[in-house]
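Here is the structure we will look at.
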Protein chains: 2
Amino acid sequence: MKMETTARSLASALHIAKGVVRRRNSIPVLSAVKLSDGRLSAMGGVDMRVEVALPTVGKSRGATAIDCHSLAGLLAHIPGDEAIEITDGHSLAAIKFNGSEYQLPSYAASDFPTMLEKIDGHRTALDNVGFIAAIKRVMFAASTDEFRYYLNGVATVYLNGEPAVVATDGRRLAWMPIPFIPDGAEGAILPSEAVAFLVKRRLEPKAAVFSTDSLSARFEYDGLVFSTKCIDGTYPDIARALPEPPAPYARLDRREAVAALLRLSSLDALGNDCAVILTGADGRVSITRDGGAYSGRETLSCKTFDTGGFKVGFNGRYLLDVLSALSGDAVTLSSEAGGSGLSPSIFASDDDPLHTVLMPMRI
Amino acid sequence: MKMETTARSLASALHIAKGVVRRRNSIPVLSAVKLSDGRLSAMGGVDMRVEVALPTVGKSRGATAIDCHSLAGLLAHIPGDEAIEITDGHSLAAIKFNGSEYQLPSYAASDFPTMLEKIDGHRTALDNVGFIAAIKRVMFAASTDEFRYYLNGVATVYLNGEPAVVATDGRRLAWMPIPFIPDGAEGAILPSEAVAFLVKRRLEPKAAVFSTDSLSARFEYDGLVFSTKCIDGTYPDIARALPEPPAPYARLDRREAVAALLRLSSLDALGNDCAVILTGADGRVSITRDGGAYSGRETLSCKTFDTGGFKVGFNGRYLLDVLSALSGDAVTLSSEAGGSGLSPSIFASDDDPLHTVLMPMRI
């Protein structure tokens, strides 16, 4: 095998590959990137695959697979304009540039997995519809609990007939409308690791292929194709969890509330899961966090609705998360049971299509 | 106790205090800052003390001690212009601002330690002589080995009759000349924790007091006094470790060598303590790192002296440290035994008063 490229091309392809390749793998070749004519391939475990265009110089022949993180570490310190020559033989690859020579372990290119290389299905153009941008806004609500593996990602669903992306961990939920659901994507759950890779890209993908047969998805960018398995599970029926009809009970200045919650969160001697209690009446809300020696009370102005006063408890960290995830000036809290704190509350901002729901805490 | 100040004043005093107060202390009051009229005091264990000016508003009376990191966390989220009122009673301090109220644990001000409050000795003006700047350049070479506690800091010594600050861990050494040794500072060893606090300040201290009786030092800034115990030990005789007379054996382009060593260090599968071998002859030096499957060879141009060729091994990480610590274009390597690799090498740059010494590794 022999190949020539520039340090800049190889370093930028490796930079993308590094984002999926795991440092420790039970199958050694999964730690490698495959280099073949014009292309670098990398696996994230057996669930994700990245193919990056890699411009070569002159004639190249054959293919090889080289340890990804060692090669990326080396390329990070080679000036971009240097010409890089890669050859291999006897499980060792030689990397040569400007009089320097390095040896790294290599694997036969034929040992590199082919899974996720092809995904059959209808190709949906996604240019600038903001599919990934919508996913980025709801991903904070996804679960990390491995026993509820089907919540460890973002789902594409119809919510009351409207296409949306949604994430929840059972205690908080976020959904964001999207213009349409790509072919085959209804009910598909993209795993959080794949979501993390997708939202890191600066641009939206040009197109996507969702395969219901192989439960996998493929995203196409200029010079980059990212494929992932989807989570094999059924997403819960979100519409059922939504309060209906929701009665608004409070309207807050969002930034003021975020600042107050940041101060209350600073009482970290109380731990992360401590409840904050919102008590509202007569155009004021007091937000309290109480734990003996450490306690805090904030008072904000607040519109109270016909329901009169309200008293509701939330996990302080989750409340801060949903208020920070929303944009806009004012946020309205509504709940099926009004301000009694007995049913989930919807948080919505006038100028923001993102909706979030929070379960109350018993107080 | 009652006191009024602004969030900005209190936050900036706490920001400095946070840098010394440990989060866990066997004596609880050491986690607190003492607030008294116009002053905030904080302890770093029982070895360091900081006193910061704290402008108050209106009349204040009494003093209290409040948990430092909780108070700093809270103040980090209060707008700078808010007026803060602090009162205390029954082991609880109340912090009030703009309709909000917090409670934090407090201690009697009389329980707060008085150690290091006063240090007797002659006061030496230090304005702009670069005492701390010199310490900053050598600190990288200090030891972290607790069994050689007397090397866990930076010493002020006469080196061949010239005043200097010096640090070493027995395998590498750095010294930097200073214009004079402050009164009482000869042989004083400032512990690494104190050094870390001092080099974080933007300005040099106005003055210092070194007490040989109490083995402690005090540094005075505008609105800030920092005191520390010195290490109770005798610094080794550095001059003895220096090759004499040193014979130059190589002269390298410093930046080229740093770039080559960064690439060789990227082979982290070989671990941090792997030797690099410099082999020089005929105006070239090759730097190699070898470990079976992972290996690298760099070739640089290099002036070789009358000694002819040379072959010497160093710890790659330490070699990178000393070359990065130096400034300037060219660095000259000299050694008592020439280029044989049998005695320590001095690394010196033409334009830089910093000198470093590195022990060779057996090759």
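Each chain in the structure tokens gets a letter, A, B and so on, in the order shown; residues start at 1 in every chain, and ligands are counted from 1 in the order they appear.
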
Check: which chain A residues lie within 8 Å of chain B using only C-alpha atoms, as a list in words:
Ser70, Gly73, Leu74, Leu75, His77, Ile78, Leu92, Gly99, Ser100, Glu101, Tyr102, Gln103, Leu104, Pro105, Ala259, Leu262, Arg263, Leu264, Ser266, Leu267, Asp268, Ala269, Ala293, Tyr294, Ser295, Gly296, Arg297, Glu298 and Thr299 of chain A

Could you write out the selected residues, including N, CA and C atoms, as a short mmCIF file (atom, residue, chain, number, x, y, z; two decimals), in the first residue's frame?
```cif
data_model
loop_
_atom_site.label_atom_id
_atom_site.label_comp_id
_atom_site.auth_asym_id
_atom_site.auth_seq_id
_atom_site.Cartn_x
_atom_site.Cartn_y
_atom_site.Cartn_z
N SER A 70 -3.44 7.64 17.64
CA SER A 70 -2.00 7.89 17.49
C SER A 70 -1.73 8.72 16.25
N GLY A 73 -2.88 12.27 16.79
CA GLY A 73 -1.97 12.99 17.68
C GLY A 73 -0.73 13.46 16.93
N LEU A 74 -0.21 12.60 16.07
CA LEU A 74 0.98 12.94 15.29
C LEU A 74 0.66 14.07 14.29
N LEU A 75 -0.45 13.91 13.56
CA LEU A 75 -0.80 14.90 12.51
C LEU A 75 -1.09 16.28 13.10
N HIS A 77 0.61 17.91 14.98
CA HIS A 77 1.82 18.71 15.15
C HIS A 77 2.65 18.80 13.88
N ILE A 78 2.06 18.43 12.74
CA ILE A 78 2.79 18.55 11.47
C ILE A 78 2.23 19.76 10.73
N LEU A 92 2.85 -2.91 10.25
CA LEU A 92 3.38 -1.61 10.63
C LEU A 92 3.17 -0.65 9.48
N GLY A 99 11.77 14.42 5.85
CA GLY A 99 12.94 13.83 6.52
C GLY A 99 12.63 13.11 7.82
N SER A 100 11.37 13.18 8.28
CA SER A 100 11.02 12.47 9.51
C SER A 100 10.27 11.20 9.15
N GLU A 101 10.38 10.20 10.02
CA GLU A 101 9.70 8.94 9.76
C GLU A 101 9.14 8.36 11.04
N TYR A 102 7.86 7.95 11.01
CA TYR A 102 7.20 7.36 12.17
C TYR A 102 6.65 6.00 11.79
N GLN A 103 6.60 5.10 12.78
CA GLN A 103 5.95 3.81 12.58
C GLN A 103 4.81 3.67 13.57
N LEU A 104 3.67 3.22 13.08
CA LEU A 104 2.50 2.98 13.92
C LEU A 104 1.93 1.61 13.56
N PRO A 105 1.23 0.97 14.52
CA PRO A 105 0.62 -0.34 14.21
C PRO A 105 -0.42 -0.18 13.12
N ALA A 259 -31.52 33.88 36.41
CA ALA A 259 -30.54 34.45 37.34
C ALA A 259 -30.84 34.00 38.77
N LEU A 262 -29.90 30.35 39.18
CA LEU A 262 -28.45 30.17 39.25
C LEU A 262 -27.96 30.44 40.67
N ARG A 263 -28.51 31.47 41.30
CA ARG A 263 -28.11 31.76 42.69
C ARG A 263 -28.54 30.63 43.61
N LEU A 264 -29.78 30.15 43.43
CA LEU A 264 -30.25 29.06 44.29
C LEU A 264 -29.45 27.78 44.04
N SER A 266 -26.38 27.67 43.40
CA SER A 266 -25.04 27.80 43.98
C SER A 266 -24.99 27.19 45.38
N LEU A 267 -26.13 26.93 45.99
CA LEU A 267 -26.15 26.27 47.31
C LEU A 267 -25.89 24.78 47.10
N ASP A 268 -24.72 24.46 46.55
CA ASP A 268 -24.51 23.08 46.12
C ASP A 268 -24.29 22.14 47.29
N ALA A 269 -24.13 22.68 48.50
CA ALA A 269 -24.07 21.80 49.67
C ALA A 269 -25.40 21.03 49.81
N ALA A 293 -29.11 24.68 57.31
CA ALA A 293 -28.11 25.75 57.40
C ALA A 293 -27.99 26.51 56.09
N TYR A 294 -28.25 25.82 54.96
CA TYR A 294 -28.18 26.50 53.66
C TYR A 294 -29.59 26.71 53.15
N SER A 295 -29.99 27.94 52.85
CA SER A 295 -31.31 28.14 52.26
C SER A 295 -31.33 29.48 51.52
N GLY A 296 -32.28 29.60 50.59
CA GLY A 296 -32.37 30.85 49.84
C GLY A 296 -33.80 31.14 49.44
N ARG A 297 -34.15 32.41 49.36
CA ARG A 297 -35.48 32.81 48.89
C ARG A 297 -35.33 33.97 47.91
N GLU A 298 -35.87 33.78 46.71
CA GLU A 298 -35.83 34.84 45.70
C GLU A 298 -37.26 35.32 45.46
N THR A 299 -37.45 36.60 45.22
CA THR A 299 -38.77 37.12 44.93
C THR A 299 -38.75 37.83 43.57
#
```

Could you name the residues that touch B:Thr156 at 10 Å or less, counting only C-alpha atoms, but leaving out those on the same chain fewer than 3 positions away, as an MDAnalysis selection string?
chainID B and resid 131 135 159 163:167 175:178 180:182 185:190 235

Write to file, as a PDB file, in the first residue's frame, the residues of the selection just made, with C-alpha atoms.
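Output contents, as saved in result12.pdb:
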```pdb
ATOM      1  CA  PHE B 131      10.993  38.686  41.668  1.00  0.00           C
ATOM      2  CA  ILE B 135       9.934  32.511  40.100  1.00  0.00           C
ATOM      3  CA  LEU B 159      24.584  30.654  42.836  1.00  0.00           C
ATOM      4  CA  PRO B 163      21.432  36.037  43.470  1.00  0.00           C
ATOM      5  CA  ALA B 164      18.964  33.647  41.791  1.00  0.00           C
ATOM      6  CA  VAL B 165      15.736  31.709  42.194  1.00  0.00           C
ATOM      7  CA  VAL B 166      15.989  27.995  41.540  1.00  0.00           C
ATOM      8  CA  ALA B 167      13.789  24.893  41.340  1.00  0.00           C
ATOM      9  CA  TRP B 175      17.552  28.888  37.680  1.00  0.00           C
ATOM     10  CA  MET B 176      16.959  32.530  36.892  1.00  0.00           C
ATOM     11  CA  PRO B 177      19.073  35.471  38.097  1.00  0.00           C
ATOM     12  CA  ILE B 178      17.349  38.197  40.176  1.00  0.00           C
ATOM     13  CA  PHE B 180      19.069  41.052  44.706  1.00  0.00           C
ATOM     14  CA  ILE B 181      17.900  38.741  47.466  1.00  0.00           C
ATOM     15  CA  PRO B 182      15.299  40.343  49.776  1.00  0.00           C
ATOM     16  CA  ALA B 185      15.242  35.459  52.036  1.00  0.00           C
ATOM     17  CA  GLU B 186      18.603  33.725  51.491  1.00  0.00           C
ATOM     18  CA  GLY B 187      17.949  29.997  51.490  1.00  0.00           C
ATOM     19  CA  ALA B 188      14.182  30.504  51.911  1.00  0.00           C
ATOM     20  CA  ILE B 189      12.048  27.916  50.059  1.00  0.00           C
ATOM     21  CA  LEU B 190       8.581  29.132  49.015  1.00  0.00           C
ATOM     22  CA  TYR B 235      17.944  23.383  49.851  1.00  0.00           C
TER      23      TYR B 235
END
```

With only C-alpha atoms as the counted atoms, please give the residues lying no more than 7 Å from B:Pro205, apart from itself and same-chain residues fewer than 6 positions off, as a ChimeraX atom specification.
/B:126-127,219-221

Residue selection dump (C-alpha atoms) as a PDB file, in the first residue's frame:
```
ATOM      1  CA  LEU B 126      10.156  44.751  45.465  1.00  0.00           C
ATOM      2  CA  ASP B 127       8.425  47.115  43.010  1.00  0.00           C
ATOM      3  CA  PHE B 219       3.991  39.747  50.196  1.00  0.00           C
ATOM      4  CA  GLU B 220       2.254  43.122  50.058  1.00  0.00           C
ATOM      5  CA  TYR B 221       0.144  44.299  47.121  1.00  0.00           C
TER       6      TYR B 221
END
```

Which residues in stretch 98-200 of chain A does DSSP call strand (DSSP E)? List them as a CSV table (one decimal) with all heavy atoms, in the first residue's frame.
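Contents of the output file states11.csv:
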```csv
chain,number,residue,atom,x,y,z
A,100,SER,N,11.4,13.2,8.3
A,100,SER,CA,11.0,12.5,9.5
A,100,SER,C,10.3,11.2,9.2
A,100,SER,O,9.6,11.1,8.1
A,100,SER,CB,10.1,13.3,10.4
A,100,SER,OG,10.8,14.6,10.7
A,101,GLU,N,10.4,10.2,10.0
A,101,GLU,CA,9.7,8.9,9.8
A,101,GLU,C,9.1,8.4,11.0
A,101,GLU,O,9.8,8.3,12.1
A,101,GLU,CB,10.7,7.9,9.1
A,101,GLU,CG,10.0,6.6,8.9
A,101,GLU,CD,10.8,5.6,8.0
A,101,GLU,OE1,11.9,6.1,7.5
A,101,GLU,OE2,10.4,4.5,7.9
A,102,TYR,N,7.9,7.9,11.0
A,102,TYR,CA,7.2,7.4,12.2
A,102,TYR,C,6.6,6.0,11.8
A,102,TYR,O,6.3,5.8,10.6
A,102,TYR,CB,6.1,8.3,12.7
A,102,TYR,CG,6.6,9.5,13.4
A,102,TYR,CD1,7.1,10.5,12.7
A,102,TYR,CD2,6.5,9.5,14.8
A,102,TYR,CE1,7.6,11.6,13.4
A,102,TYR,CE2,7.0,10.6,15.5
A,102,TYR,CZ,7.6,11.7,14.8
A,102,TYR,OH,8.1,12.7,15.5
A,103,GLN,N,6.6,5.1,12.8
A,103,GLN,CA,6.0,3.8,12.6
A,103,GLN,C,4.8,3.7,13.6
A,103,GLN,O,5.0,4.0,14.8
A,103,GLN,CB,7.0,2.7,12.8
A,103,GLN,CG,7.9,2.6,11.6
A,103,GLN,CD,8.7,1.2,11.6
A,103,GLN,OE1,8.9,0.7,12.7
A,103,GLN,NE2,9.0,0.8,10.4
A,104,LEU,N,3.7,3.2,13.1
A,104,LEU,CA,2.5,3.0,13.9
A,104,LEU,C,1.9,1.6,13.6
A,104,LEU,O,2.1,1.2,12.4
A,104,LEU,CB,1.4,4.1,13.7
A,104,LEU,CG,1.8,5.5,14.0
A,104,LEU,CD1,0.6,6.4,13.6
A,104,LEU,CD2,2.1,5.7,15.5
A,105,PRO,N,1.2,1.0,14.5
A,105,PRO,CA,0.6,-0.3,14.2
A,105,PRO,C,-0.4,-0.2,13.1
A,105,PRO,O,-1.2,0.8,13.1
A,105,PRO,CB,-0.1,-0.7,15.5
A,105,PRO,CG,0.4,0.2,16.6
A,105,PRO,CD,0.9,1.4,15.9
A,106,SER,N,-0.5,-1.2,12.2
A,106,SER,CA,-1.5,-1.1,11.2
A,106,SER,C,-2.2,-2.5,11.1
A,106,SER,O,-1.8,-3.5,11.7
A,106,SER,CB,-0.9,-0.7,9.8
A,106,SER,OG,-0.2,-1.8,9.3
A,107,TYR,N,-3.4,-2.5,10.4
A,107,TYR,CA,-4.2,-3.7,10.3
A,107,TYR,C,-4.5,-3.9,8.8
A,107,TYR,O,-4.5,-2.9,8.0
A,107,TYR,CB,-5.5,-3.5,11.0
A,107,TYR,CG,-5.3,-3.2,12.5
A,107,TYR,CD1,-5.2,-1.8,12.8
A,107,TYR,CD2,-5.3,-4.1,13.5
A,107,TYR,CE1,-5.1,-1.5,14.2
A,107,TYR,CE2,-5.1,-3.8,14.8
A,107,TYR,CZ,-5.0,-2.5,15.1
A,107,TYR,OH,-4.8,-2.1,16.4
A,108,ALA,N,-4.8,-5.1,8.4
A,108,ALA,CA,-5.2,-5.3,7.0
A,108,ALA,C,-6.5,-4.6,6.7
A,108,ALA,O,-7.4,-4.7,7.5
A,108,ALA,CB,-5.3,-6.8,6.7
A,123,ARG,N,-34.0,8.5,-0.3
A,123,ARG,CA,-33.1,9.6,0.0
A,123,ARG,C,-34.0,10.9,0.1
A,123,ARG,O,-34.7,11.2,-0.8
A,123,ARG,CB,-32.0,9.8,-1.0
A,123,ARG,CG,-30.9,10.7,-0.7
A,123,ARG,CD,-29.8,10.6,-1.8
A,123,ARG,NE,-28.8,11.6,-1.6
A,123,ARG,CZ,-28.9,12.9,-2.0
A,123,ARG,NH1,-30.0,13.3,-2.6
A,123,ARG,NH2,-27.9,13.7,-1.8
A,124,THR,N,-34.0,11.5,1.3
A,124,THR,CA,-34.8,12.8,1.5
A,124,THR,C,-33.8,13.9,1.6
A,124,THR,O,-32.9,13.9,2.4
A,124,THR,CB,-35.6,12.7,2.8
A,124,THR,OG1,-36.3,11.5,2.8
A,124,THR,CG2,-36.5,13.9,2.9
A,125,ALA,N,-34.0,15.0,0.7
A,125,ALA,CA,-33.2,16.2,0.8
A,125,ALA,C,-33.5,16.9,2.0
A,125,ALA,O,-34.7,17.1,2.4
A,125,ALA,CB,-33.5,17.0,-0.5
A,153,GLY,N,-32.0,9.0,23.5
A,153,GLY,CA,-31.8,9.6,22.2
A,153,GLY,C,-32.9,10.6,21.9
A,153,GLY,O,-33.7,11.0,22.7
A,154,VAL,N,-33.0,10.9,20.6
A,154,VAL,CA,-34.0,11.9,20.1
A,154,VAL,C,-34.9,11.2,19.1
A,154,VAL,O,-34.4,10.6,18.2
A,154,VAL,CB,-33.4,13.1,19.5
A,154,VAL,CG1,-34.4,14.1,18.9
A,154,VAL,CG2,-32.5,13.9,20.6
A,155,ALA,N,-36.2,11.3,19.3
A,155,ALA,CA,-37.1,10.6,18.4
A,155,ALA,C,-37.8,11.6,17.4
A,155,ALA,O,-38.0,12.7,17.7
A,155,ALA,CB,-38.2,9.9,19.2
A,156,THR,N,-38.1,11.0,16.2
A,156,THR,CA,-38.9,11.8,15.2
A,156,THR,C,-40.3,11.3,15.2
A,156,THR,O,-40.5,10.1,14.9
A,156,THR,CB,-38.2,11.6,13.8
A,156,THR,OG1,-36.8,11.8,14.0
A,156,THR,CG2,-38.8,12.6,12.8
A,157,VAL,N,-41.3,12.1,15.6
A,157,VAL,CA,-42.7,11.6,15.8
A,157,VAL,C,-43.7,12.6,15.2
A,157,VAL,O,-43.3,13.8,15.0
A,157,VAL,CB,-43.0,11.4,17.3
A,157,VAL,CG1,-42.1,10.3,17.9
A,157,VAL,CG2,-42.8,12.7,18.0
A,158,TYR,N,-44.9,12.1,15.1
A,158,TYR,CA,-46.0,13.1,14.9
A,158,TYR,C,-46.6,13.3,16.2
A,158,TYR,O,-47.0,12.4,17.0
A,158,TYR,CB,-47.1,12.5,13.9
A,158,TYR,CG,-46.6,12.5,12.5
A,158,TYR,CD1,-46.1,11.4,11.9
A,158,TYR,CD2,-46.7,13.7,11.8
A,158,TYR,CE1,-45.7,11.4,10.5
A,158,TYR,CE2,-46.3,13.8,10.4
A,158,TYR,CZ,-45.8,12.6,9.8
A,158,TYR,OH,-45.4,12.7,8.5
A,159,LEU,N,-46.8,14.6,16.6
A,159,LEU,CA,-47.3,15.0,17.9
A,159,LEU,C,-48.6,15.8,17.6
A,159,LEU,O,-48.5,16.9,17.1
A,159,LEU,CB,-46.3,15.9,18.6
A,159,LEU,CG,-46.4,16.0,20.1
A,159,LEU,CD1,-46.2,14.6,20.8
A,159,LEU,CD2,-45.3,16.9,20.6
A,162,GLU,N,-48.7,16.9,14.2
A,162,GLU,CA,-47.6,17.8,13.6
A,162,GLU,C,-46.3,17.0,13.7
A,162,GLU,O,-46.0,16.4,14.8
A,162,GLU,CB,-47.5,19.0,14.5
A,162,GLU,CG,-48.8,19.9,14.5
A,162,GLU,CD,-49.1,20.5,13.2
A,162,GLU,OE1,-48.1,20.8,12.4
A,162,GLU,OE2,-50.3,20.6,12.8
A,163,PRO,N,-45.4,17.1,12.7
A,163,PRO,CA,-44.1,16.5,12.8
A,163,PRO,C,-43.2,17.2,13.8
A,163,PRO,O,-43.2,18.5,13.8
A,163,PRO,CB,-43.5,16.6,11.3
A,163,PRO,CG,-44.3,17.7,10.7
A,163,PRO,CD,-45.6,17.8,11.4
A,164,ALA,N,-42.5,16.5,14.6
A,164,ALA,CA,-41.6,17.1,15.6
A,164,ALA,C,-40.5,16.1,16.0
A,164,ALA,O,-40.5,14.9,15.7
A,164,ALA,CB,-42.5,17.3,16.9
A,165,VAL,N,-39.5,16.7,16.6
A,165,VAL,CA,-38.4,15.9,17.3
A,165,VAL,C,-38.6,16.0,18.8
A,165,VAL,O,-39.0,17.1,19.2
A,165,VAL,CB,-37.0,16.3,16.9
A,165,VAL,CG1,-36.7,15.8,15.5
A,165,VAL,CG2,-36.8,17.8,17.0
A,166,VAL,N,-38.4,15.0,19.5
A,166,VAL,CA,-38.7,15.0,20.9
A,166,VAL,C,-37.7,14.2,21.7
A,166,VAL,O,-37.1,13.2,21.2
A,166,VAL,CB,-40.2,14.4,21.1
A,166,VAL,CG1,-40.3,13.0,20.7
A,166,VAL,CG2,-40.6,14.5,22.6
A,167,ALA,N,-37.5,14.6,23.0
A,167,ALA,CA,-36.6,13.9,23.9
A,167,ALA,C,-37.2,14.0,25.3
A,167,ALA,O,-37.8,15.0,25.6
A,167,ALA,CB,-35.2,14.5,23.9
A,168,THR,N,-37.0,12.9,26.0
A,168,THR,CA,-37.5,13.0,27.4
A,168,THR,C,-36.7,11.9,28.2
A,168,THR,O,-36.2,11.0,27.7
A,168,THR,CB,-39.0,12.6,27.5
A,168,THR,OG1,-39.4,12.7,28.8
A,168,THR,CG2,-39.3,11.2,27.0
A,172,ARG,N,-38.7,15.2,32.5
A,172,ARG,CA,-38.8,16.4,31.7
A,172,ARG,C,-38.8,16.0,30.3
A,172,ARG,O,-38.4,14.9,29.9
A,172,ARG,CB,-37.6,17.3,31.9
A,172,ARG,CG,-36.3,16.6,31.7
A,172,ARG,CD,-35.1,17.4,32.2
A,172,ARG,NE,-33.9,16.6,32.1
A,172,ARG,CZ,-32.7,17.0,32.1
A,172,ARG,NH1,-32.5,18.3,32.2
A,172,ARG,NH2,-31.7,16.2,32.0
A,173,LEU,N,-39.4,16.8,29.4
A,173,LEU,CA,-39.6,16.5,28.0
A,173,LEU,C,-39.5,17.8,27.2
A,173,LEU,O,-39.8,18.9,27.7
A,173,LEU,CB,-41.1,16.0,27.9
A,173,LEU,CG,-41.6,15.5,26.6
A,173,LEU,CD1,-42.7,14.4,26.9
A,173,LEU,CD2,-42.2,16.6,25.8
A,174,ALA,N,-38.9,17.7,26.0
A,174,ALA,CA,-38.8,18.8,25.1
A,174,ALA,C,-39.2,18.4,23.7
A,174,ALA,O,-38.8,17.3,23.3
A,174,ALA,CB,-37.4,19.4,25.2
A,175,TRP,N,-40.0,19.2,23.1
A,175,TRP,CA,-40.3,18.9,21.7
A,175,TRP,C,-40.2,20.2,20.8
A,175,TRP,O,-40.4,21.3,21.3
A,175,TRP,CB,-41.6,18.2,21.5
A,175,TRP,CG,-42.8,19.0,21.4
A,175,TRP,CD1,-43.4,19.6,20.2
A,175,TRP,CD2,-43.7,19.4,22.4
A,175,TRP,NE1,-44.5,20.3,20.5
A,175,TRP,CE2,-44.7,20.2,21.9
A,175,TRP,CE3,-43.7,19.2,23.8
A,175,TRP,CZ2,-45.7,20.8,22.6
A,175,TRP,CZ3,-44.7,19.8,24.6
A,175,TRP,CH2,-45.7,20.5,24.0
A,176,MET,N,-39.8,20.0,19.6
A,176,MET,CA,-39.6,21.1,18.7
A,176,MET,C,-40.2,20.7,17.3
A,176,MET,O,-39.9,19.6,16.8
A,176,MET,CB,-38.1,21.3,18.5
A,176,MET,CG,-37.7,22.4,17.6
A,176,MET,SD,-37.6,24.0,18.5
A,176,MET,CE,-37.1,25.0,17.1
A,177,PRO,N,-41.1,21.5,16.7
A,177,PRO,CA,-41.7,21.2,15.4
A,177,PRO,C,-40.6,21.2,14.3
A,177,PRO,O,-39.7,21.9,14.4
A,177,PRO,CB,-42.7,22.3,15.2
A,177,PRO,CG,-42.5,23.3,16.2
A,177,PRO,CD,-41.6,22.8,17.3
A,189,ILE,N,-35.5,6.5,16.4
A,189,ILE,CA,-34.9,7.1,17.6
A,189,ILE,C,-33.4,7.1,17.3
A,189,ILE,O,-32.7,6.1,17.3
A,189,ILE,CB,-35.1,6.3,18.9
A,189,ILE,CG1,-36.6,6.0,19.0
A,189,ILE,CG2,-34.6,7.1,20.1
A,189,ILE,CD1,-36.9,4.9,20.1
A,190,LEU,N,-32.8,8.4,17.2
A,190,LEU,CA,-31.4,8.5,16.9
A,190,LEU,C,-30.7,8.5,18.3
A,190,LEU,O,-31.0,9.3,19.2
A,190,LEU,CB,-31.1,9.8,16.2
A,190,LEU,CG,-31.5,9.9,14.8
A,190,LEU,CD1,-31.4,11.4,14.3
A,190,LEU,CD2,-30.6,9.0,13.9
A,191,PRO,N,-29.7,7.6,18.5
A,191,PRO,CA,-29.0,7.5,19.8
A,191,PRO,C,-28.2,8.8,20.1
A,191,PRO,O,-27.8,9.5,19.2
A,191,PRO,CB,-28.1,6.3,19.7
A,191,PRO,CG,-28.0,6.0,18.2
A,191,PRO,CD,-29.2,6.6,17.5
```

Just checking: using only C-alpha atoms, which residue out of A:Arg148, A:Arg254, A:Arg24, A:Lys18 ends up closest to A:Cys68?
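For A:Cys68, the nearest of the given residues is A:Lys18.
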
Could you check which of B:Ser60, B:Ser214, B:Asn25, B:Ser36 is closest to B:Lys2, using only C-alpha atoms?
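Of B:Ser60, B:Ser214, B:Asn25, B:Ser36, the one nearest B:Lys2 is B:Ser60, counting only C-alpha atoms.
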
Pick from A:Lys59, A:Thr87, A:Tyr249, A:Glu204, whichever lies nearest to A:Val129 using only C-alpha atoms
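Nearest candidate to A:Val129 out of A:Lys59, A:Thr87, A:Tyr249, A:Glu204: A:Glu204.
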
Separation of atom CA of B:Asp47 from atom CA of B:Arg137, in Å and rounded to one decimal
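Pair atom CA of B:Asp47 / atom CA of B:Arg137 returns 23.4 Å.
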
Atom CA of B:Gly339 to atom CA of B:Arg284, straight-line distance in Å:
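Between atom CA of B:Arg284 and atom CA of B:Gly339 the gap is 13.8 Å.
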
So that I can see what lies close to B:Pro243, please list as a PyMOL selection string the residues with an atom at most 10 Å from it, counting only C-alpha atoms and leaving out residues fewer than 6 positions away in the same chain.
chain B and resi 334-337+343-346+357

Rank B:Leu224, B:Ile132, B:Ser110, B:Gly316 by their smallest atom-to-atom distance to B:Ser12, using only C-alpha atoms, and report the top residue only.
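The answer is B:Leu224, which sits nearest to B:Ser12.
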
When you draw a straight line from atom CA of B:Gly341 to atom CA of B:Lys311, how long is it in Å?
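Atom CA of B:Lys311 lies 6.1 Å from atom CA of B:Gly341.
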
Show which residues sit within 9 Å of A:Ser324, as a PyMOL selection string. Count only C-alpha atoms, and ignore same-chain residues fewer than 4 positions away.
chain A and resi 254-255+258+319-320

Pick out each residue of stretch 6-169 of chain B that DSSP on the backbone tags as alpha helix (DSSP H); I need them as a ChimeraX atom specification.
/B:7-18,68-75,131-138

Which neighbours of B:Gly45 fall inside 10 Å, counting only C-alpha atoms, when residues of the same chain fewer than 5 positions from it are skipped, and could you give them as a PyMOL selection string?
chain B and resi 20-27+30-31

Which residues are close to B:Gly280, i.e. within 8 Å by only C-alpha atoms, leaving aside same-chain residues fewer than 3 positions away? Reply as a ChimeraX atom specification.
/B:250,283-286,302,304,309-311

Residue selection dump (C-alpha atoms) as a PDB file, in the first residue's frame:
```
ATOM      1  CA  ALA B 250      25.226  21.087  20.109  1.00  0.00           C
ATOM      2  CA  GLY B 283      25.580  19.338  11.112  1.00  0.00           C
ATOM      3  CA  ARG B 284      22.540  17.079  11.631  1.00  0.00           C
ATOM      4  CA  VAL B 285      20.879  15.662  14.698  1.00  0.00           C
ATOM      5  CA  SER B 286      18.399  12.825  14.663  1.00  0.00           C
ATOM      6  CA  CYS B 302      22.260  21.257  14.241  1.00  0.00           C
ATOM      7  CA  THR B 304      28.084  20.267  16.167  1.00  0.00           C
ATOM      8  CA  GLY B 309      29.451  13.896  17.099  1.00  0.00           C
ATOM      9  CA  PHE B 310      27.353  13.321  20.193  1.00  0.00           C
ATOM     10  CA  LYS B 311      24.886  10.780  21.501  1.00  0.00           C
TER      11      LYS B 311
END
```
